[in-house]
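Dropping query_25.cif in here (mmCIF, C-alpha atoms, pLDDT in the B column; chains and numbers go by the auth columns):
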```
data_data
loop_
_atom_site.group_PDB
_atom_site.id
_atom_site.type_symbol
_atom_site.label_atom_id
_atom_site.label_comp_id
_atom_site.label_asym_id
_atom_site.label_seq_id
_atom_site.Cartn_x
_atom_site.Cartn_y
_atom_site.Cartn_z
_atom_site.B_iso_or_equiv
_atom_site.auth_seq_id
_atom_site.auth_asym_id
ATOM 1 C CA THR A 1 66.496 -113.439 149.140 66.00 1 R
ATOM 2 C CA ASP A 2 66.603 -117.056 147.935 81.00 2 R
ATOM 3 C CA PRO A 3 63.112 -118.545 148.423 91.00 3 R
ATOM 4 C CA LEU A 4 64.478 -122.124 148.643 93.00 4 R
ATOM 5 C CA LEU A 5 65.154 -123.049 152.292 92.00 5 R
ATOM 6 C CA ALA A 6 65.915 -126.771 151.923 93.00 6 R
ATOM 7 C CA SER A 7 65.847 -129.466 149.255 95.00 7 R
ATOM 8 C CA PHE A 8 66.443 -133.204 148.861 95.00 8 R
ATOM 9 C CA ASP A 9 69.979 -134.178 149.823 94.00 9 R
ATOM 10 C CA PRO A 10 71.106 -137.780 149.113 94.00 10 R
ATOM 11 C CA ARG A 11 73.461 -137.620 152.109 94.00 11 R
ATOM 12 C CA ARG A 12 70.390 -137.824 154.356 93.00 12 R
ATOM 13 C CA LEU A 13 69.768 -141.393 153.175 93.00 13 R
ATOM 14 C CA ARG A 14 72.139 -142.522 155.931 94.00 14 R
ATOM 15 C CA PHE A 15 69.445 -141.627 158.483 94.00 15 R
ATOM 16 C CA ALA A 16 66.800 -143.922 156.931 93.00 16 R
ATOM 17 C CA PRO A 17 67.964 -147.160 158.639 94.00 17 R
ATOM 18 C CA LEU A 18 68.155 -145.503 162.073 92.00 18 R
ATOM 19 C CA THR A 19 64.580 -146.325 163.083 88.00 19 R
ATOM 20 C CA PHE A 20 62.699 -149.103 164.830 85.00 20 R
ATOM 21 C CA TRP A 21 61.011 -149.935 161.539 85.00 21 R
ATOM 22 C CA VAL A 22 64.162 -151.582 160.191 90.00 22 R
ATOM 23 C CA PHE A 23 63.202 -154.605 162.299 90.00 23 R
ATOM 24 C CA GLY A 24 59.509 -153.869 162.832 90.00 24 R
ATOM 25 C CA GLY A 25 58.864 -153.415 159.117 90.00 25 R
ATOM 26 C CA VAL A 26 60.371 -156.796 158.229 93.00 26 R
ATOM 27 C CA PHE A 27 58.251 -158.530 160.863 93.00 27 R
ATOM 28 C CA ALA A 28 55.136 -156.604 159.778 93.00 28 R
ATOM 29 C CA VAL A 29 55.634 -157.652 156.137 93.00 29 R
ATOM 30 C CA ALA A 30 56.331 -161.255 157.182 90.00 30 R
ATOM 31 C CA GLY A 31 53.204 -161.268 159.356 92.00 31 R
ATOM 32 C CA ALA A 32 51.079 -159.821 156.551 94.00 32 R
ATOM 33 C CA ALA A 33 52.435 -162.430 154.105 90.00 33 R
ATOM 34 C CA TYR A 34 51.614 -165.176 156.618 89.00 34 R
ATOM 35 C CA ARG A 35 48.052 -163.861 157.011 92.00 35 R
ATOM 36 C CA VAL A 36 47.517 -163.718 153.238 92.00 36 R
ATOM 37 C CA LEU A 37 48.872 -167.237 152.703 88.00 37 R
ATOM 38 C CA HIS A 38 46.851 -168.568 155.625 87.00 38 R
ATOM 39 C CA GLY A 39 43.747 -166.775 154.305 90.00 39 R
ATOM 40 C CA VAL A 40 43.976 -168.515 150.919 90.00 40 R
ATOM 41 C CA GLY A 41 44.429 -171.903 152.602 87.00 41 R
ATOM 42 C CA LEU A 42 48.202 -172.326 152.326 85.00 42 R
ATOM 43 C CA GLU A 43 50.147 -173.217 155.410 84.00 43 R
ATOM 44 C CA PRO A 44 53.488 -171.378 155.121 78.00 44 R
ATOM 45 C CA TRP A 45 55.224 -174.081 157.190 78.00 45 R
ATOM 46 C CA ARG A 46 54.422 -176.650 154.475 79.00 46 R
ATOM 47 C CA ILE A 47 56.106 -174.706 151.656 80.00 47 R
ATOM 48 C CA GLY A 48 59.334 -176.507 150.764 82.00 48 R
ATOM 49 C CA PHE A 49 61.949 -173.766 151.196 81.00 49 R
ATOM 50 C CA VAL A 50 60.317 -172.440 154.384 79.00 50 R
ATOM 51 C CA ARG A 51 60.228 -175.915 155.945 82.00 51 R
ATOM 52 C CA ARG A 52 63.855 -176.592 154.947 84.00 52 R
ATOM 53 C CA ALA A 53 64.968 -173.208 156.321 80.00 53 R
ATOM 54 C CA PHE A 54 63.404 -173.931 159.715 78.00 54 R
ATOM 55 C CA GLU A 55 64.812 -177.463 159.771 79.00 55 R
ATOM 56 C CA ASP A 56 68.291 -176.164 158.927 77.00 56 R
ATOM 57 C CA PHE A 57 67.913 -173.448 161.560 75.00 57 R
ATOM 58 C CA GLY A 58 67.084 -176.049 164.195 71.00 58 R
ATOM 59 C CA ASP A 59 69.957 -178.329 163.184 73.00 59 R
ATOM 60 C CA SER A 60 72.660 -175.639 163.165 76.00 60 R
ATOM 61 C CA ALA A 61 74.620 -173.946 165.936 77.00 61 R
ATOM 62 C CA LEU A 62 72.323 -171.307 167.418 75.00 62 R
ATOM 63 C CA TRP A 63 75.226 -169.113 168.581 81.00 63 R
ATOM 64 C CA LEU A 64 76.040 -168.574 164.910 81.00 64 R
ATOM 65 C CA THR A 65 72.614 -168.805 163.293 81.00 65 R
ATOM 66 C CA ILE A 66 70.766 -166.272 165.470 83.00 66 R
ATOM 67 C CA PRO A 67 73.254 -163.410 164.902 89.00 67 R
ATOM 68 C CA LEU A 68 73.296 -164.201 161.159 87.00 68 R
ATOM 69 C CA ALA A 69 69.484 -164.171 161.067 86.00 69 R
ATOM 70 C CA LEU A 70 69.400 -160.816 162.887 90.00 70 R
ATOM 71 C CA LEU A 71 72.016 -159.452 160.487 94.00 71 R
ATOM 72 C CA ALA A 72 69.955 -160.611 157.490 92.00 72 R
ATOM 73 C CA ILE A 73 66.799 -159.029 158.954 93.00 73 R
ATOM 74 C CA ALA A 74 68.701 -155.768 159.569 94.00 74 R
ATOM 75 C CA ALA A 75 70.039 -155.782 155.991 95.00 75 R
ATOM 76 C CA VAL A 76 66.608 -156.401 154.442 95.00 76 R
ATOM 77 C CA GLY A 77 65.023 -153.814 156.756 95.00 77 R
ATOM 78 C CA SER A 78 67.707 -151.231 155.948 95.00 78 R
ATOM 79 C CA VAL A 79 67.145 -151.631 152.214 95.00 79 R
ATOM 80 C CA GLY A 80 63.397 -151.298 152.777 94.00 80 R
ATOM 81 C CA ALA A 81 63.885 -148.196 154.923 94.00 81 R
ATOM 82 C CA VAL A 82 66.044 -146.530 152.252 95.00 82 R
ATOM 83 C CA VAL A 83 63.492 -147.340 149.531 94.00 83 R
ATOM 84 C CA LEU A 84 60.644 -145.907 151.632 93.00 84 R
ATOM 85 C CA TYR A 85 62.720 -142.819 152.441 94.00 85 R
ATOM 86 C CA LEU A 86 63.382 -142.260 148.742 95.00 86 R
ATOM 87 C CA GLU A 87 59.703 -142.663 147.883 95.00 87 R
ATOM 88 C CA ASN A 88 58.608 -140.227 150.596 94.00 88 R
ATOM 89 C CA TRP A 89 61.279 -137.552 150.330 94.00 89 R
ATOM 90 C CA TRP A 90 62.338 -137.550 146.663 95.00 90 R
ATOM 91 C CA ASN A 91 62.289 -134.041 145.160 94.00 91 R
ATOM 92 C CA TYR A 92 61.755 -132.476 148.614 95.00 92 R
ATOM 93 C CA ARG A 93 61.554 -128.682 148.519 95.00 93 R
ATOM 94 C CA LEU A 94 60.878 -126.299 151.401 94.00 94 R
ATOM 95 C CA GLU A 95 60.527 -122.791 150.060 95.00 95 R
ATOM 96 C CA TRP A 96 58.793 -119.484 150.417 92.00 96 R
ATOM 97 C CA THR A 97 56.280 -119.474 147.560 91.00 97 R
ATOM 98 C CA ASP A 98 55.750 -115.774 148.232 90.00 98 R
ATOM 99 C CA SER A 99 56.570 -113.466 151.132 86.00 99 R
ATOM 100 C CA ALA A 100 53.640 -114.785 153.208 89.00 100 R
ATOM 101 C CA THR A 101 53.446 -118.508 152.333 92.00 101 R
ATOM 102 C CA LEU A 102 55.751 -121.419 153.149 91.00 102 R
ATOM 103 C CA GLY A 103 55.432 -124.383 150.797 93.00 103 R
ATOM 104 C CA VAL A 104 56.583 -127.984 151.147 94.00 104 R
ATOM 105 C CA ARG A 105 56.575 -130.412 148.228 96.00 105 R
ATOM 106 C CA ARG A 106 57.870 -134.005 148.266 96.00 106 R
ATOM 107 C CA GLY A 107 57.333 -137.500 146.903 95.00 107 R
ATOM 108 C CA LEU A 108 58.380 -139.818 144.101 94.00 108 R
ATOM 109 C CA LEU A 109 55.325 -141.908 143.199 95.00 109 R
ATOM 110 C CA THR A 110 52.817 -139.731 145.036 92.00 110 R
ATOM 111 C CA THR A 111 53.605 -136.039 145.321 94.00 111 R
ATOM 112 C CA ARG A 112 52.494 -134.280 148.486 95.00 112 R
ATOM 113 C CA ALA A 113 52.324 -130.524 148.759 95.00 113 R
ATOM 114 C CA VAL A 114 51.356 -128.277 151.675 91.00 114 R
ATOM 115 C CA ALA A 115 51.280 -124.488 151.867 91.00 115 R
ATOM 116 C CA ILE A 116 51.116 -122.671 155.206 90.00 116 R
ATOM 117 C CA GLU A 117 50.680 -118.951 155.695 91.00 117 R
ATOM 118 C CA ARG A 118 53.440 -117.302 157.719 88.00 118 R
ATOM 119 C CA ALA A 119 50.835 -115.892 160.127 89.00 119 R
ATOM 120 C CA ARG A 120 49.735 -119.443 161.064 90.00 120 R
ATOM 121 C CA LEU A 121 53.233 -120.702 161.942 89.00 121 R
ATOM 122 C CA ARG A 122 53.628 -121.007 165.715 90.00 122 R
ATOM 123 C CA GLY A 123 56.936 -122.857 166.033 91.00 123 R
ATOM 124 C CA VAL A 124 58.599 -126.214 165.469 91.00 124 R
ATOM 125 C CA VAL A 125 58.804 -129.569 167.209 95.00 125 R
ATOM 126 C CA LEU A 126 62.267 -131.136 167.290 95.00 126 R
ATOM 127 C CA ARG A 127 62.369 -134.880 168.010 95.00 127 R
ATOM 128 C CA GLU A 128 65.539 -136.913 168.518 94.00 128 R
ATOM 129 C CA PRO A 129 64.710 -140.618 168.851 92.00 129 R
ATOM 130 C CA LEU A 130 67.531 -142.675 170.348 92.00 130 R
ATOM 131 C CA LEU A 131 68.943 -144.274 167.173 90.00 131 R
ATOM 132 C CA LEU A 132 68.509 -141.130 165.091 92.00 132 R
ATOM 133 C CA ARG A 133 70.241 -139.044 167.757 93.00 133 R
ATOM 134 C CA ALA A 134 73.121 -141.532 167.887 92.00 134 R
ATOM 135 C CA GLY A 135 73.544 -141.030 164.133 92.00 135 R
ATOM 136 C CA GLY A 136 73.469 -137.234 164.466 92.00 136 R
ATOM 137 C CA GLY A 137 69.954 -136.747 163.103 92.00 137 R
ATOM 138 C CA ALA A 138 66.575 -135.468 164.225 92.00 138 R
ATOM 139 C CA THR A 139 63.082 -134.849 162.867 91.00 139 R
ATOM 140 C CA VAL A 140 61.544 -131.400 162.671 91.00 140 R
ATOM 141 C CA ARG A 141 57.870 -130.558 162.208 90.00 141 R
ATOM 142 C CA ALA A 142 56.159 -127.207 161.868 87.00 142 R
ATOM 143 C CA VAL A 143 53.514 -126.230 164.397 89.00 143 R
ATOM 144 C CA ALA A 144 50.725 -124.230 162.797 87.00 144 R
ATOM 145 C CA GLY A 145 47.482 -122.847 164.134 84.00 145 R
ATOM 146 C CA GLY A 146 44.080 -122.740 162.471 77.00 146 R
ATOM 147 C CA LEU A 147 44.512 -125.710 160.141 63.00 147 R
ATOM 148 C CA GLY A 148 41.991 -128.161 161.639 66.00 148 R
ATOM 149 C CA ASP A 149 38.548 -128.130 163.177 68.00 149 R
ATOM 150 C CA ARG A 150 37.789 -127.663 166.877 68.00 150 R
ATOM 151 C CA ASP A 151 38.645 -131.274 167.791 68.00 151 R
ATOM 152 C CA GLU A 152 42.091 -131.062 166.167 60.00 152 R
#
```

Is it possible to express this structure as structure tokens?
Amino acid sequence: TDPLLASFDPRRLRFAPLTFWVFGGVFAVAGAAYRVLHGVGLEPWRIGFVRRAFEDFGDSALWLTIPLALLAIAAVGSVGAVVLYLENWWNYRLEWTDSATLGVRRGLLTTRAVAIERARLRGVVLREPLLLRAGGGATVRAVAGGLGDRDE
């Protein structure tokens, strides 16, 4: 009788860092920053702290520096993943808006809302990527018919 099926649960934040994007996102942001700096005529390798960091990296013991660098990248990526998760899934609500319509609403800065008629629901897709499965999580998506054009 309760129309609310699921809502935002802060305990799910532990699943945010269990994706490839923890590392890939850091490298994507670093690459984009490099492109912007290079586009405005600045060579990132000539900036003082960047040059010193690479010189110190080359002068130190690699058996210690490389794991510390990977740990720092994982920490920065994990914080980024949690922030993105919060922005996407804040105030998440999956509920029956009436007896024939399922509604999903989510988002912190940009709210997204979708309503699907019960007659259009065809099933669900359950995905368990390797890291997410190791953490006991999965992603679920609804499969609905009649929502796109012929090509979709």

Nearest to R:Leu131, chosen from R:Val22, R:Ala6, R:Ile73, R:Gly107, with all atoms listed in the file counted in the distances: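 For R:Leu131, the nearest of the given residues is R:Val22.
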
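Atom CA of R:Val82 sits 6.4 Å away from atom CA of R:Leu13.
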
For a quick check of understanding, using only C-alpha atoms, which of R:Trp89, R:Gly135, R:Asp56, R:Asp2 has the smallest distance to R:Leu109?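 Going through R:Trp89, R:Gly135, R:Asp56, R:Asp2 one by one, the smallest distance to R:Leu109 is for R:Trp89.
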
Can you list, as a tab-separated table (two decimals) with C-alpha atoms, in the frame of the given file, the residues that the PyMOL selection byres ((chain R and resi 84) around 12) selects here?
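So part.tsv came out as:
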```tsv
chain	number	residue	atom	x	y	z
R	13	LEU	CA	69.77	-141.39	153.18
R	15	PHE	CA	69.44	-141.63	158.48
R	16	ALA	CA	66.80	-143.92	156.93
R	17	PRO	CA	67.96	-147.16	158.64
R	21	TRP	CA	61.01	-149.94	161.54
R	22	VAL	CA	64.16	-151.58	160.19
R	25	GLY	CA	58.86	-153.42	159.12
R	77	GLY	CA	65.02	-153.81	156.76
R	78	SER	CA	67.71	-151.23	155.95
R	79	VAL	CA	67.14	-151.63	152.21
R	80	GLY	CA	63.40	-151.30	152.78
R	81	ALA	CA	63.88	-148.20	154.92
R	82	VAL	CA	66.04	-146.53	152.25
R	83	VAL	CA	63.49	-147.34	149.53
R	85	TYR	CA	62.72	-142.82	152.44
R	86	LEU	CA	63.38	-142.26	148.74
R	87	GLU	CA	59.70	-142.66	147.88
R	88	ASN	CA	58.61	-140.23	150.60
R	89	TRP	CA	61.28	-137.55	150.33
R	90	TRP	CA	62.34	-137.55	146.66
R	107	GLY	CA	57.33	-137.50	146.90
R	108	LEU	CA	58.38	-139.82	144.10
R	109	LEU	CA	55.32	-141.91	143.20
R	110	THR	CA	52.82	-139.73	145.04
```

Which centre and which edge lengths, in Å to one decimal, describe the axis-aligned box that holds all listed atoms of stretch 67-84 of chain R after 6 Å is added on each side, as JSON?
```
{"center_x": 67.0, "center_y": -155.1, "center_z": 157.2, "size_x": 24.7, "size_y": 30.3, "size_z": 27.4}
```

Which residue, R:Glu128, R:Leu102, R:Gly31, R:Arg112, has the smallest gap to R:Ala144 when you use all atoms listed in the file?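 Closest residue, counting all atoms listed in the file: R:Leu102.
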